[in-house]
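Trainee: Hey, dropping work.pdb in here, PDB, C-alpha atoms, pLDDT in the B column:
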ATOM      1  CA  MET A1189      22.605   5.445   3.348  1.00 87.00           C
ATOM      2  CA  THR A1190      22.043   6.073  -0.362  1.00 93.00           C
ATOM      3  CA  PRO A1191      18.580   5.974  -1.944  1.00 94.00           C
ATOM      4  CA  TYR A1192      19.429   2.786  -3.830  1.00 94.00           C
ATOM      5  CA  GLU A1193      20.538   1.136  -0.601  1.00 95.00           C
ATOM      6  CA  ARG A1194      17.072   1.944   0.716  1.00 95.00           C
ATOM      7  CA  VAL A1195      15.643   0.246  -2.366  1.00 95.00           C
ATOM      8  CA  ALA A1196      17.651  -2.889  -1.596  1.00 94.00           C
ATOM      9  CA  ILE A1197      16.363  -2.945   1.981  1.00 95.00           C
ATOM     10  CA  ALA A1198      12.772  -2.376   0.812  1.00 95.00           C
ATOM     11  CA  ARG A1199      13.114  -5.413  -1.464  1.00 93.00           C
ATOM     12  CA  SER A1200      14.722  -7.684   1.128  1.00 92.00           C
ATOM     13  CA  LYS A1201      13.091 -11.065   1.656  1.00 89.00           C
ATOM     14  CA  LYS A1202      13.638 -10.534   5.382  1.00 91.00           C
ATOM     15  CA  ARG A1203      11.234  -7.604   5.604  1.00 94.00           C
ATOM     16  CA  LEU A1204       8.042  -8.026   7.564  1.00 96.00           C
ATOM     17  CA  LYS A1205       5.025  -9.164   5.557  1.00 96.00           C
ATOM     18  CA  ILE A1206       1.404  -8.088   5.766  1.00 96.00           C
ATOM     19  CA  THR A1207       0.623 -11.183   7.836  1.00 96.00           C
ATOM     20  CA  ASP A1208       3.109  -9.992  10.476  1.00 97.00           C
ATOM     21  CA  TYR A1209       1.341  -6.643  10.766  1.00 97.00           C
ATOM     22  CA  ILE A1210      -2.072  -8.279  10.924  1.00 97.00           C
ATOM     23  CA  ASP A1211      -0.932 -10.654  13.677  1.00 97.00           C
ATOM     24  CA  LYS A1212       0.566  -7.866  15.801  1.00 97.00           C
ATOM     25  CA  LEU A1213      -1.871  -4.991  15.243  1.00 98.00           C
ATOM     26  CA  PHE A1214      -5.287  -6.601  14.832  1.00 98.00           C
ATOM     27  CA  THR A1215      -7.425  -9.327  16.367  1.00 97.00           C
ATOM     28  CA  GLU A1216      -9.924 -11.826  14.969  1.00 97.00           C
ATOM     29  CA  PHE A1217      -8.872 -11.318  11.352  1.00 98.00           C
ATOM     30  CA  VAL A1218     -11.130 -13.118   8.862  1.00 98.00           C
ATOM     31  CA  GLU A1219      -9.869 -13.359   5.285  1.00 97.00           C
ATOM     32  CA  LEU A1220     -12.300 -12.694   2.442  1.00 96.00           C
ATOM     33  CA  LYS A1221     -11.439 -14.034  -1.007  1.00 94.00           C
ATOM     34  CA  GLY A1222     -12.390 -13.512  -4.641  1.00 89.00           C
ATOM     35  CA  ASP A1223     -13.466 -10.648  -6.861  1.00 87.00           C
ATOM     36  CA  ARG A1224     -16.901 -12.220  -7.520  1.00 86.00           C
ATOM     37  CA  LEU A1225     -16.217 -11.849 -11.232  1.00 85.00           C
ATOM     38  CA  TYR A1226     -13.435 -14.222 -12.263  1.00 84.00           C
ATOM     39  CA  ARG A1227     -11.080 -15.684  -9.684  1.00 87.00           C
ATOM     40  CA  GLU A1228      -9.076 -15.300  -6.486  1.00 92.00           C
ATOM     41  CA  ASP A1229      -5.748 -13.453  -6.633  1.00 92.00           C
ATOM     42  CA  PRO A1230      -3.650 -14.402  -3.578  1.00 94.00           C
ATOM     43  CA  SER A1231      -1.243 -11.485  -4.090  1.00 94.00           C
ATOM     44  CA  ILE A1232      -3.841  -9.334  -2.321  1.00 96.00           C
ATOM     45  CA  LEU A1233      -4.775 -10.284   1.228  1.00 97.00           C
ATOM     46  CA  GLY A1234      -7.909  -8.702   2.618  1.00 97.00           C
ATOM     47  CA  GLY A1235     -10.536  -9.171   5.258  1.00 98.00           C
ATOM     48  CA  ILE A1236     -12.226  -7.941   8.407  1.00 98.00           C
ATOM     49  CA  ALA A1237     -10.534  -7.542  11.785  1.00 98.00           C
ATOM     50  CA  PHE A1238     -10.790  -5.651  15.049  1.00 98.00           C
ATOM     51  CA  PHE A1239      -8.486  -2.800  16.018  1.00 98.00           C
ATOM     52  CA  HIS A1240      -8.772  -2.043  19.725  1.00 97.00           C
ATOM     53  CA  GLY A1241     -12.288  -3.435  19.687  1.00 96.00           C
ATOM     54  CA  HIS A1242     -13.449  -1.553  16.591  1.00 97.00           C
ATOM     55  CA  PRO A1243     -14.140  -3.355  13.289  1.00 98.00           C
ATOM     56  CA  VAL A1244     -11.918  -2.399  10.361  1.00 98.00           C
ATOM     57  CA  THR A1245     -11.199  -3.681   6.882  1.00 98.00           C
ATOM     58  CA  VAL A1246      -7.562  -4.587   6.217  1.00 98.00           C
ATOM     59  CA  ILE A1247      -6.194  -4.949   2.676  1.00 98.00           C
ATOM     60  CA  GLY A1248      -2.658  -5.266   1.378  1.00 97.00           C
ATOM     61  CA  HIS A1249      -0.159  -6.742  -1.026  1.00 96.00           C
ATOM     62  CA  ARG A1250       1.283 -10.105  -0.100  1.00 94.00           C
ATOM     63  CA  LYS A1251       4.789 -11.367  -0.767  1.00 93.00           C
ATOM     64  CA  GLY A1252       6.273 -14.671   0.281  1.00 88.00           C
ATOM     65  CA  ARG A1253       9.264 -15.686   2.356  1.00 88.00           C
ATOM     66  CA  THR A1254      10.202 -18.688   0.258  1.00 89.00           C
ATOM     67  CA  THR A1255      10.518 -19.221  -3.475  1.00 90.00           C
ATOM     68  CA  GLU A1256       7.395 -21.355  -3.418  1.00 91.00           C
ATOM     69  CA  GLU A1257       5.402 -18.632  -1.631  1.00 90.00           C
ATOM     70  CA  ASN A1258       6.719 -15.919  -3.929  1.00 89.00           C
ATOM     71  CA  ILE A1259       5.593 -17.873  -6.966  1.00 92.00           C
ATOM     72  CA  ARG A1260       2.178 -18.432  -5.379  1.00 92.00           C
ATOM     73  CA  PHE A1261       1.806 -14.717  -4.595  1.00 91.00           C
ATOM     74  CA  ASN A1262       3.388 -13.653  -7.912  1.00 89.00           C
ATOM     75  CA  PHE A1263       6.091 -11.741  -6.006  1.00 90.00           C
ATOM     76  CA  GLY A1264       3.492  -9.233  -4.854  1.00 89.00           C
ATOM     77  CA  MET A1265       2.578  -8.240  -8.421  1.00 90.00           C
ATOM     78  CA  THR A1266      -1.186  -8.080  -8.471  1.00 92.00           C
ATOM     79  CA  GLN A1267      -3.459  -8.948 -11.380  1.00 92.00           C
ATOM     80  CA  PRO A1268      -6.798  -7.229 -12.143  1.00 94.00           C
ATOM     81  CA  GLU A1269      -8.703  -9.766 -10.041  1.00 94.00           C
ATOM     82  CA  GLY A1270      -6.727  -8.727  -6.980  1.00 95.00           C
ATOM     83  CA  TYR A1271      -7.555  -5.062  -7.414  1.00 95.00           C
ATOM     84  CA  ARG A1272     -11.199  -5.902  -8.038  1.00 95.00           C
ATOM     85  CA  LYS A1273     -11.195  -7.944  -4.850  1.00 96.00           C
ATOM     86  CA  ALA A1274      -9.759  -4.949  -2.997  1.00 97.00           C
ATOM     87  CA  ALA A1275     -12.463  -2.722  -4.500  1.00 97.00           C
ATOM     88  CA  ARG A1276     -15.147  -5.188  -3.426  1.00 96.00           C
ATOM     89  CA  LEU A1277     -13.867  -5.137   0.152  1.00 97.00           C
ATOM     90  CA  MET A1278     -13.662  -1.332   0.142  1.00 98.00           C
ATOM     91  CA  ARG A1279     -17.281  -1.033  -0.972  1.00 97.00           C
ATOM     92  CA  GLN A1280     -18.273  -3.511   1.710  1.00 97.00           C
ATOM     93  CA  ALA A1281     -16.378  -1.473   4.306  1.00 98.00           C
ATOM     94  CA  GLU A1282     -18.180   1.684   3.249  1.00 97.00           C
ATOM     95  CA  LYS A1283     -21.553  -0.085   3.402  1.00 97.00           C
ATOM     96  CA  PHE A1284     -20.940  -1.140   7.009  1.00 97.00           C
ATOM     97  CA  ASN A1285     -19.095   2.058   7.992  1.00 96.00           C
ATOM     98  CA  ARG A1286     -15.752   0.351   8.675  1.00 98.00           C
ATOM     99  CA  PRO A1287     -12.468   2.293   8.350  1.00 98.00           C
ATOM    100  CA  ILE A1288     -10.019   0.852   5.829  1.00 98.00           C
ATOM    101  CA  ILE A1289      -6.325   0.221   6.479  1.00 98.00           C
ATOM    102  CA  THR A1290      -4.094  -0.776   3.570  1.00 98.00           C
ATOM    103  CA  PHE A1291      -0.530  -2.087   3.509  1.00 98.00           C
ATOM    104  CA  VAL A1292       1.458  -1.515   0.325  1.00 97.00           C
ATOM    105  CA  ASP A1293       4.424  -3.662  -0.730  1.00 96.00           C
ATOM    106  CA  THR A1294       4.645  -4.290  -4.466  1.00 94.00           C
ATOM    107  CA  PRO A1295       7.174  -3.727  -7.248  1.00 92.00           C
ATOM    108  CA  GLY A1296       4.162  -2.864  -9.408  1.00 88.00           C
ATOM    109  CA  ALA A1297       1.063  -4.382 -10.946  1.00 90.00           C
ATOM    110  CA  TYR A1298       1.669  -7.525 -12.983  1.00 85.00           C
ATOM    111  CA  PRO A1299       2.454  -6.499 -16.605  1.00 87.00           C
ATOM    112  CA  GLY A1300       1.684  -9.820 -18.294  1.00 89.00           C
ATOM    113  CA  ILE A1301      -0.447 -10.207 -21.423  1.00 90.00           C
ATOM    114  CA  GLU A1302      -3.215 -11.995 -19.533  1.00 88.00           C
ATOM    115  CA  ALA A1303      -3.421  -9.224 -16.944  1.00 87.00           C
ATOM    116  CA  GLU A1304      -3.611  -6.553 -19.625  1.00 87.00           C
ATOM    117  CA  SER A1305      -6.236  -8.540 -21.528  1.00 85.00           C
ATOM    118  CA  ASN A1306      -8.312  -8.849 -18.364  1.00 86.00           C
ATOM    119  CA  GLY A1307      -8.348  -5.094 -17.787  1.00 83.00           C
ATOM    120  CA  GLN A1308      -5.342  -4.271 -15.604  1.00 90.00           C
ATOM    121  CA  SER A1309      -5.362  -0.540 -16.336  1.00 91.00           C
ATOM    122  CA  ASN A1310      -9.125  -0.326 -15.872  1.00 93.00           C
ATOM    123  CA  ALA A1311      -8.965  -2.150 -12.531  1.00 94.00           C
ATOM    124  CA  ILE A1312      -6.325   0.259 -11.213  1.00 95.00           C
ATOM    125  CA  ALA A1313      -8.180   3.317 -12.521  1.00 95.00           C
ATOM    126  CA  GLU A1314     -11.439   2.109 -10.988  1.00 95.00           C
ATOM    127  CA  ASN A1315      -9.751   1.670  -7.616  1.00 95.00           C
ATOM    128  CA  LEU A1316      -8.376   5.197  -7.749  1.00 96.00           C
ATOM    129  CA  ALA A1317     -11.815   6.562  -8.609  1.00 95.00           C
ATOM    130  CA  LEU A1318     -13.436   4.495  -5.876  1.00 97.00           C
ATOM    131  CA  MET A1319     -10.962   5.505  -3.170  1.00 96.00           C
ATOM    132  CA  SER A1320     -11.441   9.170  -4.009  1.00 94.00           C
ATOM    133  CA  THR A1321     -15.141   8.910  -3.111  1.00 96.00           C
ATOM    134  CA  LEU A1322     -15.178   6.500  -0.146  1.00 97.00           C
ATOM    135  CA  LYS A1323     -17.111   7.928   2.790  1.00 97.00           C
ATOM    136  CA  VAL A1324     -15.060   6.102   5.417  1.00 98.00           C
ATOM    137  CA  PRO A1325     -11.520   6.849   6.642  1.00 98.00           C
ATOM    138  CA  VAL A1326      -8.698   5.219   4.687  1.00 98.00           C
ATOM    139  CA  ILE A1327      -5.121   4.945   5.991  1.00 98.00           C
ATOM    140  CA  THR A1328      -2.196   3.493   4.041  1.00 98.00           C
ATOM    141  CA  VAL A1329       1.159   2.253   5.287  1.00 98.00           C
ATOM    142  CA  ILE A1330       3.868   1.623   2.692  1.00 98.00           C
ATOM    143  CA  THR A1331       5.957  -1.132   4.239  1.00 97.00           C
ATOM    144  CA  GLY A1332       8.372  -2.081   1.452  1.00 95.00           C
ATOM    145  CA  GLU A1333       8.175  -1.281  -2.246  1.00 94.00           C
ATOM    146  CA  GLY A1334       5.541   1.155  -3.418  1.00 93.00           C
ATOM    147  CA  GLY A1335       5.769   0.702  -7.146  1.00 90.00           C
ATOM    148  CA  SER A1336       3.769   2.656  -9.732  1.00 88.00           C
ATOM    149  CA  GLY A1337       0.023   2.212 -10.265  1.00 90.00           C
ATOM    150  CA  GLY A1338       0.188  -1.125  -8.503  1.00 91.00           C
ATOM    151  CA  ALA A1339       0.849   0.762  -5.283  1.00 94.00           C
ATOM    152  CA  LEU A1340      -1.441   3.711  -6.010  1.00 93.00           C
ATOM    153  CA  ALA A1341      -4.401   1.368  -6.425  1.00 95.00           C
ATOM    154  CA  LEU A1342      -4.335   0.842  -2.642  1.00 96.00           C
ATOM    155  CA  ALA A1343      -2.879   4.191  -1.594  1.00 95.00           C
ATOM    156  CA  ALA A1344      -5.230   7.012  -2.613  1.00 94.00           C
ATOM    157  CA  SER A1345      -5.974   7.458   1.077  1.00 96.00           C
ATOM    158  CA  ASP A1346      -6.702  10.122   3.665  1.00 97.00           C
ATOM    159  CA  ARG A1347      -3.358   9.437   5.316  1.00 97.00           C
ATOM    160  CA  VAL A1348      -0.245   7.812   3.839  1.00 97.00           C
ATOM    161  CA  TYR A1349       2.671   6.780   6.029  1.00 98.00           C
ATOM    162  CA  MET A1350       5.914   5.081   5.067  1.00 98.00           C
ATOM    163  CA  LEU A1351       8.346   2.928   6.999  1.00 98.00           C
ATOM    164  CA  GLU A1352      11.754   4.594   6.978  1.00 96.00           C
ATOM    165  CA  ASN A1353      13.312   1.987   4.673  1.00 96.00           C
ATOM    166  CA  SER A1354      10.411   1.774   2.242  1.00 97.00           C
ATOM    167  CA  VAL A1355      10.286   3.449  -1.178  1.00 96.00           C
ATOM    168  CA  TYR A1356       7.465   4.934  -3.260  1.00 96.00           C
ATOM    169  CA  SER A1357       7.869   5.836  -6.920  1.00 94.00           C
ATOM    170  CA  ILE A1358       6.393   5.898 -10.411  1.00 89.00           C
ATOM    171  CA  LEU A1359       8.502   2.872 -11.409  1.00 90.00           C
ATOM    172  CA  SER A1360      11.653   1.034 -10.401  1.00 90.00           C
ATOM    173  CA  PRO A1361      14.994   2.842 -10.612  1.00 92.00           C
ATOM    174  CA  GLU A1362      16.120   0.185 -13.089  1.00 92.00           C
ATOM    175  CA  GLY A1363      13.144   0.966 -15.320  1.00 90.00           C
ATOM    176  CA  PHE A1364      13.707   4.697 -14.934  1.00 91.00           C
ATOM    177  CA  ALA A1365      17.375   4.357 -15.905  1.00 93.00           C
ATOM    178  CA  THR A1366      16.498   2.188 -18.894  1.00 94.00           C
ATOM    179  CA  ILE A1367      14.007   4.737 -20.198  1.00 92.00           C
ATOM    180  CA  LEU A1368      16.133   7.810 -19.494  1.00 90.00           C
ATOM    181  CA  TRP A1369      19.614   6.535 -20.354  1.00 93.00           C
ATOM    182  CA  LYS A1370      18.959   3.195 -22.067  1.00 92.00           C
ATOM    183  CA  ASP A1371      21.066   1.652 -19.337  1.00 91.00           C
ATOM    184  CA  GLY A1372      19.525  -0.204 -16.392  1.00 85.00           C
ATOM    185  CA  GLU A1373      22.930  -0.342 -14.727  1.00 89.00           C
ATOM    186  CA  LYS A1374      22.515   3.319 -13.812  1.00 92.00           C
ATOM    187  CA  ALA A1375      19.782   2.480 -11.304  1.00 93.00           C
ATOM    188  CA  HIS A1376      21.887   3.902  -8.454  1.00 93.00           C
ATOM    189  CA  GLU A1377      21.997   7.273 -10.204  1.00 93.00           C
ATOM    190  CA  ALA A1378      18.301   7.091 -11.057  1.00 93.00           C
ATOM    191  CA  ALA A1379      17.340   6.466  -7.438  1.00 93.00           C
ATOM    192  CA  LYS A1380      19.108   9.666  -6.419  1.00 93.00           C
ATOM    193  CA  ILE A1381      17.040  11.880  -8.708  1.00 93.00           C
ATOM    194  CA  MET A1382      13.700  10.074  -8.353  1.00 93.00           C
ATOM    195  CA  LYS A1383      13.038  11.277  -4.774  1.00 93.00           C
ATOM    196  CA  MET A1384      11.599   7.920  -3.763  1.00 95.00           C
ATOM    197  CA  THR A1385      12.670   7.498  -0.138  1.00 96.00           C
ATOM    198  CA  ALA A1386      10.398   8.118   2.835  1.00 96.00           C
ATOM    199  CA  GLU A1387      12.328  11.126   4.111  1.00 95.00           C
ATOM    200  CA  GLU A1388      12.430  12.776   0.680  1.00 95.00           C
ATOM    201  CA  LEU A1389       8.724  12.284   0.078  1.00 95.00           C
ATOM    202  CA  PHE A1390       7.869  13.593   3.542  1.00 95.00           C
ATOM    203  CA  GLU A1391       9.943  16.712   2.908  1.00 94.00           C
ATOM    204  CA  LEU A1392       8.043  17.216  -0.353  1.00 92.00           C
ATOM    205  CA  GLY A1393       4.737  16.929   1.497  1.00 92.00           C
ATOM    206  CA  LEU A1394       3.617  13.884  -0.481  1.00 93.00           C
ATOM    207  CA  ILE A1395       3.203  11.612   2.542  1.00 95.00           C
ATOM    208  CA  ASP A1396       1.980  12.296   6.059  1.00 96.00           C
ATOM    209  CA  GLY A1397       4.710  10.729   8.140  1.00 97.00           C
ATOM    210  CA  VAL A1398       7.644   8.337   8.489  1.00 97.00           C
ATOM    211  CA  ILE A1399       7.637   5.391  10.874  1.00 97.00           C
ATOM    212  CA  ARG A1400      11.020   4.418  12.303  1.00 96.00           C
ATOM    213  CA  GLU A1401      11.996   0.781  11.956  1.00 96.00           C
ATOM    214  CA  ASP A1402      13.212   0.015  15.438  1.00 94.00           C
ATOM    215  CA  LYS A1403      12.187  -2.247  18.304  1.00 95.00           C
ATOM    216  CA  ASP A1404       9.090  -0.095  18.832  1.00 96.00           C
ATOM    217  CA  LEU A1405       7.851  -0.434  15.229  1.00 97.00           C
ATOM    218  CA  TYR A1406       4.570  -2.156  16.061  1.00 97.00           C
ATOM    219  CA  ARG A1407       3.909   0.224  18.925  1.00 98.00           C
ATOM    220  CA  SER A1408       4.598   3.226  16.674  1.00 97.00           C
ATOM    221  CA  LEU A1409       2.194   1.886  14.057  1.00 98.00           C
ATOM    222  CA  ASP A1410      -0.432   1.206  16.704  1.00 98.00           C
ATOM    223  CA  VAL A1411      -0.153   4.727  18.110  1.00 98.00           C
ATOM    224  CA  MET A1412      -0.302   6.279  14.646  1.00 98.00           C
ATOM    225  CA  LEU A1413      -3.349   4.244  13.614  1.00 98.00           C
ATOM    226  CA  ARG A1414      -5.222   5.050  16.818  1.00 97.00           C
ATOM    227  CA  LYS A1415      -4.447   8.756  16.485  1.00 97.00           C
ATOM    228  CA  GLU A1416      -5.386   9.015  12.815  1.00 98.00           C
ATOM    229  CA  LEU A1417      -8.509   6.855  13.077  1.00 97.00           C
ATOM    230  CA  SER A1418      -9.701   8.890  16.027  1.00 96.00           C
ATOM    231  CA  ALA A1419      -9.257  12.166  14.136  1.00 97.00           C
ATOM    232  CA  LEU A1420     -10.684  10.956  10.816  1.00 97.00           C
ATOM    233  CA  SER A1421     -13.667   9.218  12.397  1.00 95.00           C
ATOM    234  CA  LYS A1422     -14.824  12.521  13.867  1.00 96.00           C
ATOM    235  CA  LEU A1423     -15.269  14.027  10.400  1.00 96.00           C
ATOM    236  CA  LYS A1424     -18.587  13.919   8.614  1.00 96.00           C
ATOM    237  CA  PRO A1425     -18.469  12.144   5.222  1.00 95.00           C
ATOM    238  CA  SER A1426     -18.708  15.457   3.379  1.00 95.00           C
ATOM    239  CA  ALA A1427     -15.756  16.866   5.346  1.00 96.00           C
ATOM    240  CA  LEU A1428     -13.773  13.663   4.834  1.00 96.00           C
ATOM    241  CA  LEU A1429     -14.247  13.859   1.068  1.00 95.00           C
ATOM    242  CA  SER A1430     -13.421  17.557   1.024  1.00 95.00           C
ATOM    243  CA  GLU A1431     -10.177  17.054   2.947  1.00 94.00           C
ATOM    244  CA  ARG A1432      -9.190  14.139   0.705  1.00 94.00           C
ATOM    245  CA  LEU A1433      -9.758  16.271  -2.385  1.00 92.00           C
ATOM    246  CA  LYS A1434      -7.643  19.084  -0.945  1.00 91.00           C
ATOM    247  CA  LYS A1435      -4.872  16.630  -0.109  1.00 90.00           C
ATOM    248  CA  TYR A1436      -4.523  15.325  -3.633  1.00 88.00           C
ATOM    249  CA  THR A1437      -5.058  18.574  -5.506  1.00 85.00           C
ATOM    250  CA  LYS A1438      -2.286  20.061  -3.350  1.00 77.00           C
ATOM    251  CA  ALA A1439      -0.080  17.017  -4.021  1.00 57.00           C
ATOM    252  CA  GLY A1440      -0.709  17.438  -7.742  1.00 52.00           C
ATOM    253  CA  ARG A1441       0.526  21.042  -7.647  1.00 52.00           C
ATOM    254  CA  THR A1442       3.609  19.921  -5.721  1.00 50.00           C
TER     255      THR A1442
END
With the file now loaded, output its structure as structure tokens.
Mentor:
Amino acid sequence: MTPYERVAIARSKKRLKITDYIDKLFTEFVELKGDRLYREDPSILGGIAFFHGHPVTVIGHRKGRTTEENIRFNFGMTQPEGYRKAARLMRQAEKFNRPIITFVDTPGAYPGIEAESNGQSNAIAENLALMSTLKVPVITVITGEGGSGGALALAASDRVYMLENSVYSILSPEGFATILWKDGEKAHEAAKIMKMTAEELFELGLIDGVIREDKDLYRSLDVMLRKELSALSKLKPSALLSERLKKYTKAGRT
């Protein structure tokens, strides 16, 4: 399978959504809305749930299954209010010592004029700064598209895993091809050199693992989350922050 074929699968409307993962992996999920500054952005779904009896905060991008739902959720392209909502829930999680689990599936942050006027770049930057200093464990699963800063705003985590048919990159292959060759039709070629598939990123040491998309997908995610939460929860906050810093300074050198 070529990298661009992986991109097509990652974008498929048939892929599982964040609500599917919440229903199968967690219990008693309670959604929390709003950024407490401006408005609610439904492209980010977040709230409190239980994972094997332990409270956690769950946050992720939301896409729809129908045209109507996609319009409502802006095709998973989040505006500043959505990232501020995510930041609010992360701070709340830290206050009550709840681990954070994020699910990433976005082509990128919304690039509209209104979003930029409302502080899109600042919202993303503030999330990155916040996640780098959180004193609770943070685990990210990239389930579909992991596009640019829109994905990073929920993925500066202690552990980052990808589903085998997900992708993670600085921008879309079409955008990359347009910038590099002035020809978006060369997206297939761009995808080959961008190193954006799960296996490629794992080989480069930029993610922590790849989850196979088979009949045991939910079980594999459950096992991974239990294992990682158990290990991370044993670390003191100072050790957690130190390990997170090492992870990303090493990734930067890579």
Trainee: Expand the PyMOL selection byres ((chain A and resi 1261) around 10) into the explicit residue set it covers here, and present it as a ChimeraX atom specification.
Mentor: /A:1229-1233,1249-1252,1255-1260,1262-1266
Trainee: I would like the residues chosen by the PyMOL selection byres ((chain A and resi 1339) around 12) on the shown file; could you give them as an mmCIF file with C-alpha atoms, keeping the file's coordinate frame?
Mentor:
data_model
loop_
_atom_site.group_PDB
_atom_site.id
_atom_site.type_symbol
_atom_site.label_atom_id
_atom_site.label_comp_id
_atom_site.auth_asym_id
_atom_site.auth_seq_id
_atom_site.Cartn_x
_atom_site.Cartn_y
_atom_site.Cartn_z
ATOM 1 C CA ILE A 1232 -3.841 -9.334 -2.321
ATOM 2 C CA GLY A 1248 -2.658 -5.266 1.378
ATOM 3 C CA HIS A 1249 -0.159 -6.742 -1.026
ATOM 4 C CA GLY A 1264 3.492 -9.233 -4.854
ATOM 5 C CA MET A 1265 2.578 -8.240 -8.421
ATOM 6 C CA THR A 1266 -1.186 -8.080 -8.471
ATOM 7 C CA TYR A 1271 -7.555 -5.062 -7.414
ATOM 8 C CA THR A 1290 -4.094 -0.776 3.570
ATOM 9 C CA PHE A 1291 -0.530 -2.087 3.509
ATOM 10 C CA VAL A 1292 1.458 -1.515 0.325
ATOM 11 C CA ASP A 1293 4.424 -3.662 -0.730
ATOM 12 C CA THR A 1294 4.645 -4.290 -4.466
ATOM 13 C CA PRO A 1295 7.174 -3.727 -7.248
ATOM 14 C CA GLY A 1296 4.162 -2.864 -9.408
ATOM 15 C CA ALA A 1297 1.063 -4.382 -10.946
ATOM 16 C CA TYR A 1298 1.669 -7.525 -12.983
ATOM 17 C CA ILE A 1312 -6.325 0.259 -11.213
ATOM 18 C CA ALA A 1313 -8.180 3.317 -12.521
ATOM 19 C CA ASN A 1315 -9.751 1.670 -7.616
ATOM 20 C CA LEU A 1316 -8.376 5.197 -7.749
ATOM 21 C CA THR A 1328 -2.196 3.493 4.041
ATOM 22 C CA VAL A 1329 1.159 2.253 5.287
ATOM 23 C CA ILE A 1330 3.868 1.623 2.692
ATOM 24 C CA THR A 1331 5.957 -1.132 4.239
ATOM 25 C CA GLY A 1332 8.372 -2.081 1.452
ATOM 26 C CA GLU A 1333 8.175 -1.281 -2.246
ATOM 27 C CA GLY A 1334 5.541 1.155 -3.418
ATOM 28 C CA GLY A 1335 5.769 0.702 -7.146
ATOM 29 C CA SER A 1336 3.769 2.656 -9.732
ATOM 30 C CA GLY A 1337 0.023 2.212 -10.265
ATOM 31 C CA GLY A 1338 0.188 -1.125 -8.503
ATOM 32 C CA LEU A 1340 -1.441 3.711 -6.010
ATOM 33 C CA ALA A 1341 -4.401 1.368 -6.425
ATOM 34 C CA LEU A 1342 -4.335 0.842 -2.642
ATOM 35 C CA ALA A 1343 -2.879 4.191 -1.594
ATOM 36 C CA ALA A 1344 -5.230 7.012 -2.613
ATOM 37 C CA SER A 1345 -5.974 7.458 1.077
ATOM 38 C CA VAL A 1348 -0.245 7.812 3.839
ATOM 39 C CA VAL A 1355 10.286 3.449 -1.178
ATOM 40 C CA TYR A 1356 7.465 4.934 -3.260
ATOM 41 C CA SER A 1357 7.869 5.836 -6.920
ATOM 42 C CA ILE A 1358 6.393 5.898 -10.411
ATOM 43 C CA LEU A 1359 8.502 2.872 -11.409
ATOM 44 C CA SER A 1360 11.653 1.034 -10.401
#
Trainee: Exactly which residues make up the result of the PyMOL selection byres ((chain A and resi 1239-1241) around 6) on this file, given as an MDAnalysis selection string?
Mentor: chainID A and resid 1214 1238 1242
Trainee: Enclose all atoms of stretch 1350-1365 of chain A listed in the file in an axis-aligned box, grow every side by 5 Å, and hand back centre and edge lengths in Å to one decimal, as AutoDock Vina command-line options.
Mentor:
--center_x 11.6 --center_y 3.0 --center_z -4.5 --size_x 21.5 --size_y 15.7 --size_z 32.9
Trainee: Taking all atoms listed in the file into account, name the residue in A:Lys1212, A:Lys1374, A:Arg1272, A:Lys1205 that is nearest to A:Gln1308.
Mentor: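 Under the stated criterion, the closest residue is A:Arg1272.
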Trainee: Rank A:Arg1286, A:Lys1221, A:Arg1347, A:Arg1407 by their smallest atom-to-atom distance to A:Tyr1209, using all atoms listed in the file, and report the top residue only.
Mentor: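 The closest residue to A:Tyr1209 is A:Arg1407.
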Trainee: From the set A:Met1189, A:Met1350, A:Leu1213, A:Ile1399, which residue has the shortest atom-to-atom contact distance to A:His1376, counting only C-alpha atoms?
Mentor: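 Between A:Met1189, A:Met1350, A:Leu1213, A:Ile1399, the residue approaching A:His1376 most closely is A:Met1189.
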Trainee: If you measure from atom CA of A:Leu1394 to atom CA of A:Tyr1192, what distance in Å do you get, rounded to one decimal?
Mentor: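 Atom CA of A:Tyr1192 lies at a distance of 19.6 Å from atom CA of A:Leu1394.
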Trainee: Quick one: everything within 9 Å of A:Met1384, counting only C-alpha atoms, minus sequence neighbours fewer than 2 positions away in the same chain. Send it as a compact mmCIF listing (two decimals) with C-alpha atoms, keeping the file's coordinate frame.
Mentor:
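Contents of around.txt, freshly written:
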# COMPACT_ATOMS: atom_id res chain seq x y z
CA PRO A 1191 18.58 5.97 -1.94
CA VAL A 1195 15.64 0.25 -2.37
CA SER A 1354 10.41 1.77 2.24
CA VAL A 1355 10.29 3.45 -1.18
CA TYR A 1356 7.46 4.93 -3.26
CA SER A 1357 7.87 5.84 -6.92
CA ILE A 1358 6.39 5.90 -10.41
CA ALA A 1379 17.34 6.47 -7.44
CA LYS A 1380 19.11 9.67 -6.42
CA ILE A 1381 17.04 11.88 -8.71
CA MET A 1382 13.70 10.07 -8.35
CA ALA A 1386 10.40 8.12 2.84
CA GLU A 1387 12.33 11.13 4.11
CA GLU A 1388 12.43 12.78 0.68
CA LEU A 1389 8.72 12.28 0.08
Trainee: Using only C-alpha atoms, which residues sit within 12 Å of A:Asp1211 once same-chain residues fewer than 4 positions away are excluded, as an mmCIF file with C-alpha atoms, in the frame of the given file?
Mentor:
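And here's out-v4.cif as it stands now:
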data_model
loop_
_atom_site.group_PDB
_atom_site.id
_atom_site.type_symbol
_atom_site.label_atom_id
_atom_site.label_comp_id
_atom_site.auth_asym_id
_atom_site.auth_seq_id
_atom_site.Cartn_x
_atom_site.Cartn_y
_atom_site.Cartn_z
ATOM 1 C CA LEU A 1204 8.042 -8.026 7.564
ATOM 2 C CA LYS A 1205 5.025 -9.164 5.557
ATOM 3 C CA ILE A 1206 1.404 -8.088 5.766
ATOM 4 C CA THR A 1207 0.623 -11.183 7.836
ATOM 5 C CA THR A 1215 -7.425 -9.327 16.367
ATOM 6 C CA GLU A 1216 -9.924 -11.826 14.969
ATOM 7 C CA PHE A 1217 -8.872 -11.318 11.352
ATOM 8 C CA VAL A 1218 -11.130 -13.118 8.862
ATOM 9 C CA ALA A 1237 -10.534 -7.542 11.785
ATOM 10 C CA PHE A 1238 -10.790 -5.651 15.049
ATOM 11 C CA PHE A 1239 -8.486 -2.800 16.018
ATOM 12 C CA VAL A 1246 -7.562 -4.587 6.217
ATOM 13 C CA TYR A 1406 4.570 -2.156 16.061
#
